[in-house]
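Student: My structure is stored as start-v3.txt, with compact mmCIF, N, CA and C atoms.
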# COMPACT_ATOMS: atom_id res chain seq x y z
N ALA A 1 31.09 -36.79 -80.43
CA ALA A 1 31.87 -36.02 -79.47
C ALA A 1 33.26 -35.78 -80.04
N LYS A 2 33.75 -34.59 -79.83
CA LYS A 2 35.08 -34.22 -80.31
C LYS A 2 36.14 -34.69 -79.32
N VAL A 3 37.31 -35.01 -79.85
CA VAL A 3 38.43 -35.39 -78.99
C VAL A 3 39.10 -34.11 -78.51
N GLY A 4 39.49 -34.09 -77.23
CA GLY A 4 40.19 -32.94 -76.69
C GLY A 4 39.49 -32.36 -75.48
N ARG A 5 40.18 -31.50 -74.79
CA ARG A 5 39.71 -30.78 -73.60
C ARG A 5 39.48 -31.67 -72.39
N VAL A 6 39.36 -33.00 -72.58
CA VAL A 6 39.09 -33.93 -71.49
C VAL A 6 40.33 -34.77 -71.22
N THR A 7 40.80 -34.77 -69.97
CA THR A 7 41.92 -35.61 -69.57
C THR A 7 41.43 -36.60 -68.52
N LEU A 8 41.59 -37.88 -68.83
CA LEU A 8 41.19 -38.95 -67.91
C LEU A 8 42.45 -39.66 -67.44
N GLU A 9 42.66 -39.70 -66.13
CA GLU A 9 43.83 -40.35 -65.56
C GLU A 9 43.40 -41.55 -64.74
N ILE A 10 43.91 -42.73 -65.13
CA ILE A 10 43.68 -43.98 -64.42
C ILE A 10 45.02 -44.71 -64.41
N PRO A 11 45.37 -45.38 -63.31
CA PRO A 11 46.62 -46.14 -63.32
C PRO A 11 46.61 -47.16 -64.46
N PRO A 12 47.73 -47.34 -65.17
CA PRO A 12 47.77 -48.28 -66.29
C PRO A 12 47.64 -49.74 -65.85
N LEU A 13 48.01 -50.03 -64.59
CA LEU A 13 47.89 -51.39 -64.05
C LEU A 13 47.20 -51.31 -62.70
N VAL A 14 46.11 -52.05 -62.55
CA VAL A 14 45.34 -52.05 -61.30
C VAL A 14 45.26 -53.48 -60.79
N GLU A 15 45.64 -53.69 -59.53
CA GLU A 15 45.57 -55.05 -58.97
C GLU A 15 44.15 -55.46 -58.64
N ASN A 16 43.34 -54.54 -58.13
CA ASN A 16 41.99 -54.87 -57.69
C ASN A 16 40.99 -53.97 -58.39
N GLY A 17 40.11 -54.55 -59.19
CA GLY A 17 39.12 -53.77 -59.93
C GLY A 17 38.03 -53.17 -59.07
N ASN A 18 37.98 -53.54 -57.78
CA ASN A 18 36.94 -52.98 -56.90
C ASN A 18 37.21 -51.53 -56.51
N LEU A 19 38.46 -51.12 -56.51
CA LEU A 19 38.81 -49.75 -56.10
C LEU A 19 39.82 -49.16 -57.08
N VAL A 20 39.33 -48.59 -58.16
CA VAL A 20 40.19 -47.98 -59.17
C VAL A 20 40.07 -46.47 -59.04
N THR A 21 41.18 -45.83 -58.69
CA THR A 21 41.14 -44.37 -58.58
C THR A 21 41.20 -43.75 -59.97
N MET A 22 40.49 -42.67 -60.14
CA MET A 22 40.52 -41.97 -61.43
C MET A 22 40.33 -40.47 -61.20
N ARG A 23 40.84 -39.71 -62.16
CA ARG A 23 40.72 -38.25 -62.11
C ARG A 23 40.36 -37.77 -63.51
N VAL A 24 39.35 -36.94 -63.60
CA VAL A 24 38.93 -36.35 -64.87
C VAL A 24 39.03 -34.84 -64.74
N SER A 25 39.66 -34.21 -65.73
CA SER A 25 39.69 -32.75 -65.77
C SER A 25 39.31 -32.31 -67.18
N VAL A 26 38.57 -31.20 -67.24
CA VAL A 26 38.12 -30.66 -68.52
C VAL A 26 38.56 -29.20 -68.59
N GLN A 27 39.21 -28.85 -69.70
CA GLN A 27 39.64 -27.47 -69.89
C GLN A 27 38.40 -26.61 -70.16
N SER A 28 38.12 -25.71 -69.24
CA SER A 28 36.97 -24.84 -69.36
C SER A 28 37.16 -23.63 -68.45
N PRO A 29 36.73 -22.44 -68.90
CA PRO A 29 36.84 -21.27 -68.02
C PRO A 29 35.84 -21.32 -66.86
N MET A 30 34.80 -22.17 -66.95
CA MET A 30 33.78 -22.32 -65.91
C MET A 30 33.15 -20.96 -65.53
N VAL A 31 32.73 -20.25 -66.56
CA VAL A 31 32.00 -18.98 -66.37
C VAL A 31 30.58 -19.17 -66.88
N ASP A 32 29.69 -18.24 -66.59
CA ASP A 32 28.27 -18.37 -66.94
C ASP A 32 28.03 -18.66 -68.42
N THR A 33 28.88 -18.16 -69.29
CA THR A 33 28.68 -18.33 -70.73
C THR A 33 29.41 -19.54 -71.30
N ASP A 34 30.30 -20.17 -70.54
CA ASP A 34 31.08 -21.30 -71.04
C ASP A 34 31.52 -22.16 -69.86
N TYR A 35 30.81 -23.28 -69.68
CA TYR A 35 31.16 -24.17 -68.56
C TYR A 35 30.84 -25.61 -68.90
N VAL A 36 31.31 -26.53 -68.07
CA VAL A 36 31.03 -27.95 -68.21
C VAL A 36 29.73 -28.25 -67.47
N ARG A 37 28.75 -28.73 -68.19
CA ARG A 37 27.45 -29.04 -67.60
C ARG A 37 27.47 -30.42 -66.93
N ALA A 38 28.13 -31.41 -67.56
CA ALA A 38 28.15 -32.77 -67.01
C ALA A 38 29.39 -33.51 -67.48
N ILE A 39 29.84 -34.46 -66.65
CA ILE A 39 30.91 -35.38 -67.01
C ILE A 39 30.37 -36.78 -66.79
N HIS A 40 30.40 -37.60 -67.85
CA HIS A 40 29.89 -38.97 -67.79
C HIS A 40 31.06 -39.93 -67.93
N ILE A 41 31.10 -40.97 -67.08
CA ILE A 41 32.14 -41.98 -67.13
C ILE A 41 31.51 -43.27 -67.64
N VAL A 42 32.11 -43.85 -68.70
CA VAL A 42 31.59 -45.06 -69.33
C VAL A 42 32.70 -46.10 -69.38
N ALA A 43 32.38 -47.31 -68.89
CA ALA A 43 33.30 -48.44 -68.94
C ALA A 43 32.58 -49.59 -69.64
N GLU A 44 32.79 -49.73 -70.94
CA GLU A 44 32.02 -50.68 -71.75
C GLU A 44 32.28 -52.13 -71.37
N GLY A 45 33.38 -52.42 -70.67
CA GLY A 45 33.67 -53.78 -70.23
C GLY A 45 32.95 -54.18 -68.97
N ASN A 46 32.19 -53.27 -68.37
CA ASN A 46 31.42 -53.56 -67.17
C ASN A 46 30.03 -54.08 -67.55
N PRO A 47 29.40 -54.88 -66.67
CA PRO A 47 28.03 -55.31 -66.95
C PRO A 47 27.07 -54.12 -67.11
N LEU A 48 27.27 -53.07 -66.33
CA LEU A 48 26.51 -51.82 -66.46
C LEU A 48 27.51 -50.74 -66.86
N PRO A 49 27.61 -50.42 -68.15
CA PRO A 49 28.68 -49.54 -68.64
C PRO A 49 28.63 -48.09 -68.18
N ASN A 50 27.44 -47.55 -67.89
CA ASN A 50 27.35 -46.17 -67.43
C ASN A 50 27.71 -46.14 -65.95
N VAL A 51 28.97 -45.81 -65.65
CA VAL A 51 29.49 -45.91 -64.30
C VAL A 51 28.95 -44.80 -63.41
N VAL A 52 29.11 -43.54 -63.83
CA VAL A 52 28.70 -42.42 -63.00
C VAL A 52 28.60 -41.16 -63.87
N SER A 53 27.75 -40.23 -63.43
CA SER A 53 27.65 -38.92 -64.07
C SER A 53 27.75 -37.85 -62.99
N PHE A 54 28.52 -36.81 -63.29
CA PHE A 54 28.68 -35.67 -62.39
C PHE A 54 28.09 -34.46 -63.08
N PHE A 55 27.31 -33.67 -62.34
CA PHE A 55 26.68 -32.48 -62.91
C PHE A 55 27.29 -31.25 -62.24
N LEU A 56 27.74 -30.31 -63.08
CA LEU A 56 28.48 -29.15 -62.60
C LEU A 56 27.77 -27.86 -63.01
N SER A 57 28.21 -26.77 -62.41
CA SER A 57 27.76 -25.43 -62.78
C SER A 57 28.97 -24.51 -62.73
N PRO A 58 28.83 -23.27 -63.19
CA PRO A 58 29.97 -22.35 -63.12
C PRO A 58 30.47 -22.15 -61.68
N ARG A 59 29.61 -22.37 -60.70
CA ARG A 59 30.01 -22.18 -59.30
C ARG A 59 31.04 -23.22 -58.85
N ALA A 60 31.22 -24.29 -59.61
CA ALA A 60 32.22 -25.31 -59.26
C ALA A 60 33.63 -24.72 -59.34
N GLY A 61 33.82 -23.73 -60.19
CA GLY A 61 35.13 -23.08 -60.30
C GLY A 61 36.09 -23.81 -61.19
N ARG A 62 36.16 -25.13 -61.06
CA ARG A 62 37.02 -25.95 -61.91
C ARG A 62 36.25 -27.21 -62.29
N ALA A 63 36.54 -27.73 -63.47
CA ALA A 63 35.90 -28.97 -63.91
C ALA A 63 36.89 -30.12 -63.67
N VAL A 64 37.02 -30.50 -62.40
CA VAL A 64 37.93 -31.57 -62.00
C VAL A 64 37.19 -32.50 -61.04
N ILE A 65 37.21 -33.80 -61.34
CA ILE A 65 36.55 -34.80 -60.52
C ILE A 65 37.57 -35.88 -60.17
N THR A 66 37.62 -36.27 -58.91
CA THR A 66 38.44 -37.40 -58.47
C THR A 66 37.54 -38.35 -57.72
N THR A 67 37.59 -39.64 -58.08
CA THR A 67 36.73 -40.63 -57.44
C THR A 67 37.33 -42.01 -57.60
N ARG A 68 36.62 -43.01 -57.09
CA ARG A 68 36.99 -44.41 -57.27
C ARG A 68 35.83 -45.10 -57.97
N ILE A 69 36.17 -46.00 -58.89
CA ILE A 69 35.14 -46.75 -59.61
C ILE A 69 35.49 -48.24 -59.56
N ARG A 70 34.54 -49.07 -59.97
CA ARG A 70 34.76 -50.50 -60.10
C ARG A 70 34.87 -50.85 -61.57
N LEU A 71 35.83 -51.73 -61.88
CA LEU A 71 36.01 -52.17 -63.26
C LEU A 71 35.94 -53.69 -63.30
N GLY A 72 35.11 -54.21 -64.21
CA GLY A 72 34.91 -55.63 -64.34
C GLY A 72 36.04 -56.34 -65.05
N ASP A 73 36.87 -55.61 -65.79
CA ASP A 73 37.93 -56.24 -66.57
C ASP A 73 38.87 -55.16 -67.09
N SER A 74 39.97 -55.60 -67.69
CA SER A 74 40.87 -54.66 -68.35
C SER A 74 40.11 -54.02 -69.51
N GLN A 75 40.24 -52.71 -69.68
CA GLN A 75 39.45 -52.04 -70.70
C GLN A 75 39.87 -50.58 -70.88
N ARG A 76 39.25 -49.97 -71.87
CA ARG A 76 39.37 -48.53 -72.07
C ARG A 76 38.19 -47.87 -71.38
N VAL A 77 38.48 -46.91 -70.52
CA VAL A 77 37.44 -46.14 -69.82
C VAL A 77 37.32 -44.80 -70.53
N ARG A 78 36.10 -44.35 -70.73
CA ARG A 78 35.87 -43.09 -71.45
C ARG A 78 35.22 -42.05 -70.53
N ALA A 79 35.61 -40.81 -70.74
CA ALA A 79 34.98 -39.68 -70.06
C ALA A 79 34.39 -38.77 -71.14
N ILE A 80 33.13 -38.42 -70.98
CA ILE A 80 32.45 -37.55 -71.95
C ILE A 80 31.99 -36.30 -71.21
N ALA A 81 32.41 -35.15 -71.70
CA ALA A 81 32.04 -33.87 -71.09
C ALA A 81 30.98 -33.20 -71.95
N GLN A 82 29.87 -32.84 -71.32
CA GLN A 82 28.82 -32.09 -72.00
C GLN A 82 29.00 -30.63 -71.62
N MET A 83 29.20 -29.78 -72.61
CA MET A 83 29.45 -28.36 -72.38
C MET A 83 28.13 -27.58 -72.36
N SER A 84 28.18 -26.37 -71.83
CA SER A 84 26.97 -25.54 -71.70
C SER A 84 26.38 -25.15 -73.06
N ASP A 85 27.20 -25.16 -74.12
CA ASP A 85 26.68 -24.81 -75.45
C ASP A 85 26.10 -26.02 -76.19
N GLY A 86 26.05 -27.19 -75.51
CA GLY A 86 25.49 -28.38 -76.13
C GLY A 86 26.50 -29.28 -76.81
N SER A 87 27.75 -28.84 -76.91
CA SER A 87 28.77 -29.67 -77.54
C SER A 87 29.30 -30.72 -76.56
N PHE A 88 29.94 -31.75 -77.10
CA PHE A 88 30.50 -32.83 -76.29
C PHE A 88 31.97 -33.02 -76.63
N TYR A 89 32.77 -33.31 -75.61
CA TYR A 89 34.18 -33.64 -75.79
C TYR A 89 34.44 -34.95 -75.06
N ARG A 90 35.45 -35.69 -75.54
CA ARG A 90 35.72 -36.98 -74.91
C ARG A 90 37.21 -37.20 -74.71
N GLY A 91 37.50 -38.05 -73.76
CA GLY A 91 38.85 -38.49 -73.49
C GLY A 91 38.77 -39.92 -72.99
N SER A 92 39.89 -40.65 -73.03
CA SER A 92 39.86 -42.03 -72.57
C SER A 92 41.22 -42.43 -72.03
N ALA A 93 41.22 -43.57 -71.34
CA ALA A 93 42.46 -44.15 -70.81
C ALA A 93 42.29 -45.65 -70.74
N GLU A 94 43.37 -46.37 -70.98
CA GLU A 94 43.38 -47.84 -70.90
C GLU A 94 43.92 -48.25 -69.54
N THR A 95 43.38 -49.34 -69.01
CA THR A 95 43.92 -49.90 -67.78
C THR A 95 43.85 -51.42 -67.83
N LEU A 96 44.83 -52.05 -67.19
CA LEU A 96 44.90 -53.50 -67.10
C LEU A 96 44.54 -53.89 -65.68
N VAL A 97 43.48 -54.69 -65.52
CA VAL A 97 42.98 -55.11 -64.21
C VAL A 97 43.37 -56.56 -63.98
N THR A 98 44.11 -56.84 -62.89
CA THR A 98 44.52 -58.23 -62.64
C THR A 98 43.49 -59.01 -61.85
N LEU A 99 42.72 -58.37 -60.94
CA LEU A 99 41.63 -59.03 -60.21
C LEU A 99 40.34 -58.27 -60.50
N SER A 100 39.48 -58.87 -61.29
CA SER A 100 38.28 -58.17 -61.77
C SER A 100 37.25 -57.96 -60.66
N ALA A 101 36.47 -56.89 -60.81
CA ALA A 101 35.32 -56.62 -59.95
C ALA A 101 34.08 -56.93 -60.78
N CYS A 102 32.92 -56.59 -60.27
CA CYS A 102 31.64 -56.73 -61.01
C CYS A 102 31.41 -58.18 -61.43
N THR A 103 31.81 -59.14 -60.60
CA THR A 103 31.67 -60.53 -60.99
C THR A 103 30.35 -61.16 -60.52
N GLU A 104 29.59 -60.44 -59.68
CA GLU A 104 28.32 -61.01 -59.25
C GLU A 104 27.31 -60.97 -60.39
N LEU A 105 26.33 -61.85 -60.36
CA LEU A 105 25.34 -61.92 -61.43
C LEU A 105 24.43 -60.71 -61.39
N VAL A 106 24.10 -60.20 -62.58
CA VAL A 106 23.23 -59.04 -62.67
C VAL A 106 21.84 -59.49 -63.10
Taking this structure as input, can you express it in the form of structure tokens?
Tutor:
Amino acid sequence: AKVGRVTLEIPPLVENGNLVTMRVSVQSPMVDTDYVRAIHIVAEGNPLPNVVSFFLSPRAGRAVITTRIRLGDSQRVRAIAQMSDGSFYRGSAETLVTLSACTELV
């Protein structure tokens, strides 16, 4: 995956890993010939690293997602955008979690 086009925003310091707000935006015209097909969020420090995937179409108008996720520990979170032409772009952000989530046994 190429670096660029993907902006991942997460607070640099999070008190509670159970509710971490995040925003992902991907630079794309979102037209029939060039759009974001999917955005995948990966947190490798979690017991289950594939956090969530969002699937988009040109009808979305913009490639912007805002949600809350759980983080098991301080880590780098990655966002991977799959484009309509089959290419991939990535972005990431670091966050420090003072009270971890995902502590139950899997």
Student: The residues within 7 Å of (41.1, -28.5, -76.5), using only C-alpha atoms and the coordinates of the file, should be reported as a ChimeraX atom specification; which are they?
Tutor: /A:4-5,27
Student: Between A:Val97, A:Ala63, A:Leu8, A:Ile69, which is the closest to Gln82 of chain A once you count only C-alpha atoms?
Tutor: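 Ranked by minimum distance to Gln82 of chain A, first place goes to A:Ala63.
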Student: Within 6.5 Å of segment 49-54 of chain A, counting only N, CA and C atoms, which residues show up once you throw out same-chain ones fewer than 6 positions away? Write them as a PyMOL selection string, please.
Tutor: chain A and resi 37-43
Student: Identify which of the residues A:Arg68, A:Lys2, A:Arg78, A:Arg62 lies closest to Val31 of chain A, counting only C-alpha atoms when measuring atom-to-atom distances.
Tutor: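 Under the stated criterion, the closest residue is A:Arg62.
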Student: Can you tell me how far atom C of Glu9 of chain A sits from atom N of Leu99 of chain A, in Å to one decimal?
Tutor: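 Spanning atom C of Glu9 of chain A to atom N of Leu99 of chain A is a straight-line distance of 17.3 Å.
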Student: If we count all atoms listed in the file and set the cut-off at 6 Å, which residues sit around Tyr89 of chain A, ignoring sequence neighbours fewer than 2 positions away in its own chain? Please answer as a ChimeraX atom specification.
Tutor: /A:1-4,6,79-83,87,91
Student: Would you mind reading off the distance between atom C of Thr21 of chain A and atom N of Asp34 of chain A, one decimal, in Å?
Tutor: 28.0 Å
Student: Quick one: residues within 6.5 Å of Ala101 of chain A, all atoms listed in the file, excluding same-chain residues fewer than 4 positions away - as a ChimeraX atom specification?
Tutor: /A:16-18,70-73
Student: Okay, now the selection with N, CA and C atoms, as a CSV table (one decimal), in the coordinates of the input?
Tutor:
chain,number,residue,atom,x,y,z
A,16,ASN,N,43.3,-54.5,-58.1
A,16,ASN,CA,42.0,-54.9,-57.7
A,16,ASN,C,41.0,-54.0,-58.4
A,17,GLY,N,40.1,-54.6,-59.2
A,17,GLY,CA,39.1,-53.8,-59.9
A,17,GLY,C,38.0,-53.2,-59.1
A,18,ASN,N,38.0,-53.5,-57.8
A,18,ASN,CA,36.9,-53.0,-56.9
A,18,ASN,C,37.2,-51.5,-56.5
A,70,ARG,N,34.5,-49.1,-60.0
A,70,ARG,CA,34.8,-50.5,-60.1
A,70,ARG,C,34.9,-50.8,-61.6
A,71,LEU,N,35.8,-51.7,-61.9
A,71,LEU,CA,36.0,-52.2,-63.3
A,71,LEU,C,35.9,-53.7,-63.3
A,72,GLY,N,35.1,-54.2,-64.2
A,72,GLY,CA,34.9,-55.6,-64.3
A,72,GLY,C,36.0,-56.3,-65.0
A,73,ASP,N,36.9,-55.6,-65.8
A,73,ASP,CA,37.9,-56.2,-66.6
A,73,ASP,C,38.9,-55.2,-67.1
Student: For Thr95 of chain A, please output as a list in words all residues within 7 Å (counting all atoms listed in the file; exclusion window: fewer than 2 positions along the same chain).
Tutor: Ile10, Pro11, Pro12, Leu13, Val14, Asp73, Ser74, Gln75, Arg76, Val77, Ala93 and Val97 of chain A
Student: What gap, in Å, lies between atom N of Ser57 of chain A and atom C of Phe88 of chain A?
Tutor: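 These atoms are spaced 16.0 Å apart.
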Student: Using only N, CA and C atoms, pick whichever of A:Pro47, A:Ser84, A:Met30, A:Glu15 has the shortest atom-to-atom distance to Ala60 of chain A.
Tutor: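 With only N, CA and C atoms as the atom set, the closest residue is A:Met30.
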